[in-house]
>>> print(open('entry_14.txt').read())   # compact mmCIF, C-alpha atoms
# COMPACT_ATOMS: atom_id res chain seq x y z
CA ASN A 298 102.70 119.18 174.05
CA ILE A 299 103.63 116.26 171.82
CA SER A 300 106.13 115.81 169.04
CA LEU A 301 106.95 113.25 166.39
CA ASN A 302 110.04 112.25 168.35
CA ASP A 303 107.95 111.66 171.50
CA ILE A 304 105.64 109.34 169.57
CA CYS A 305 108.55 107.51 167.94
CA GLU A 306 110.27 106.96 171.27
CA ALA A 307 107.09 105.55 172.80
CA LEU A 308 106.47 103.21 169.86
CA HIS A 309 110.12 102.38 169.16
CA PHE A 310 109.83 103.43 165.50
CA SER A 311 112.11 105.64 163.50
CA PRO A 312 110.62 109.05 162.64
CA SER A 313 110.85 108.42 158.90
CA TYR A 314 109.14 105.01 159.12
CA LEU A 315 106.34 106.28 161.36
CA SER A 316 105.82 109.34 159.15
CA ARG A 317 105.50 107.21 156.01
CA LEU A 318 103.19 104.69 157.69
CA PHE A 319 100.98 107.37 159.21
CA LYS A 320 100.67 109.31 155.95
CA LYS A 321 99.84 106.11 154.05
CA GLU A 322 97.08 105.18 156.52
CA MET A 323 95.67 108.62 157.38
CA GLY A 324 96.35 110.63 154.21
CA MET A 325 98.14 113.38 156.14
CA ASN A 326 101.31 113.75 158.14
CA ILE A 327 101.37 113.35 161.91
CA ILE A 328 101.87 117.01 162.75
CA THR A 329 98.92 118.03 160.55
CA TYR A 330 96.77 115.42 162.31
CA ILE A 331 97.86 116.55 165.77
CA ASN A 332 97.18 120.18 164.89
CA LYS A 333 93.71 119.32 163.55
CA LYS A 334 92.93 117.56 166.83
CA ARG A 335 94.25 120.56 168.77
CA ILE A 336 91.96 122.89 166.84
CA GLU A 337 88.98 120.56 167.34
CA THR A 338 89.64 120.62 171.08
CA SER A 339 90.03 124.40 171.06
CA LEU A 340 86.67 124.78 169.29
CA GLU A 341 84.99 122.86 172.09
CA LEU A 342 86.84 124.81 174.79
CA LEU A 343 85.85 128.10 173.17
CA LYS A 344 82.21 126.96 173.33
CA VAL A 345 82.04 125.59 176.84
CA THR A 346 84.55 127.61 178.90
CA ASP A 347 85.38 131.19 179.70
CA LEU A 348 89.11 130.51 179.45
CA SER A 349 91.14 133.10 177.63
CA ILE A 350 92.38 132.31 174.17
CA ALA A 351 95.96 132.19 175.47
CA GLU A 352 94.91 129.70 178.19
CA ILE A 353 93.19 127.51 175.60
CA GLY A 354 96.31 127.65 173.44
CA ASP A 355 98.38 126.48 176.41
CA LEU A 356 95.93 123.67 177.19
CA ILE A 357 96.07 122.28 173.66
CA GLY A 358 99.87 122.44 173.52
CA LEU A 359 100.29 125.65 171.51
CA ASN A 360 102.05 127.96 173.94
CA ASN A 361 102.70 130.61 171.29
CA THR A 362 99.44 132.55 171.06
CA SER A 363 100.37 134.03 167.70
CA TYR A 364 100.93 130.56 166.23
CA PHE A 365 97.65 129.37 167.77
CA TYR A 366 95.80 132.25 166.08
CA THR A 367 97.49 131.51 162.76
CA LEU A 368 96.78 127.78 162.90
CA PHE A 369 93.20 128.32 164.07
CA LYS A 370 92.47 130.77 161.26
CA LYS A 371 94.07 128.46 158.69
CA GLU A 372 91.90 125.53 159.84
CA THR A 373 88.61 127.35 160.44
CA GLY A 374 88.74 130.50 158.32
CA THR A 375 88.15 132.68 161.38
CA SER A 376 90.06 133.79 164.46
CA PRO A 377 89.42 132.22 167.88
CA LYS A 378 87.91 135.49 169.10
CA GLN A 379 85.58 135.78 166.08
CA TYR A 380 84.55 132.15 166.53
CA ARG A 381 83.74 132.64 170.21
CA ASN A 382 81.80 135.83 169.46
CA SER A 383 79.81 134.06 166.73
CA ILE A 384 78.66 131.29 169.06
CA LEU A 385 77.71 133.76 171.78
CA SER A 386 75.43 135.79 169.52
>>> encode(input="entry_14.txt", output="structure tokens")
Amino acid sequence: NISLNDICEALHFSPSYLSRLFKKEMGMNIITYINKKRIETSLELLKVTDLSIAEIGDLIGLNNTSYFYTLFKKETGTSPKQYRNSILS
């Protein structure tokens, strides 16, 4: 699990400066970027493992399964279970 404050501490930047710089360079805020990367990783894990959805959520740093489902559906338009079922058929 990673947060904006963790990144700022490691880089010795203030949260507001890093947020502005990141958004200017990447066109999105840091948390949105991190969550997109989490969902990308979860897509791969859903394809290549038999891990439960809750276990995948934990692995990508989203310990709250309900939030993982919500974020996944927002990013992909489908639930993790529907996605896994679609690649298995």
>>> atom_distance(input="entry_14.txt", atom1="CA of Glu337 (chain A)", atom2="CA of Glu322 (chain A)")
20.5 Å
>>> closest_residue(input="entry_14.txt", among="A:Leu315, A:Ile357, A:Leu340, A:Val345", to="Lys370 (chain A)", atoms="only C-alpha atoms")
A:Leu340
>>> residues_around(input="entry_14.txt", residues="Asn326 (chain A)", least_positions_apart="3", cutoff="12 Å", atoms="only C-alpha atoms", output="VMD selection string")
chain A and resid 301 312 to 323 329 to 333
>>> atom_distance(input="entry_14.txt", atom1="CA of Thr362 (chain A)", atom2="CA of Asn302 (chain A)")
23.1 Å
>>> closest_atom_pairs(input="entry_14.txt", of="region 316-355 of chain A", to="region 374-383 of chain A", cutoff="7 Å", atoms="all atoms listed in the file", output="Markdown table")
| residue | atom | partner | partner_atom | distance |
| --- | --- | --- | --- | --- |
| A:Leu343 | CA | A:Arg381 | CA | 5.8 |
| A:Lys344 | CA | A:Arg381 | CA | 6.7 |
| A:Ile350 | CA | A:Pro377 | CA | 7.0 |
>>> atom_distance(input="entry_14.txt", atom1="CA of Ile353 (chain A)", atom2="CA of Glu306 (chain A)")
27.1 Å
>>> closest_residue(input="entry_14.txt", among="A:Leu359, A:Ile328, A:Ile384, A:Leu342", to="Ile304 (chain A)", atoms="all atoms listed in the file")
A:Ile328
>>> closest_residue(input="entry_14.txt", among="A:Leu385, A:Leu348, A:Ile336, A:Leu356", to="Phe369 (chain A)", atoms="all atoms listed in the file")
A:Ile336
>>> axis_aligned_box(input="entry_14.txt", around="region 336-348 of chain A", padding_each_side="5 Å", output="AutoDock Vina command-line options")
--center_x 87.0 --center_y 125.9 --center_z 173.3 --size_x 19.9 --size_y 20.6 --size_z 22.9
>>> closest_residue(input="entry_14.txt", among="A:Thr346, A:Phe365, A:Gly358, A:Thr373", to="Ile299 (chain A)", atoms="all atoms listed in the file")
A:Gly358
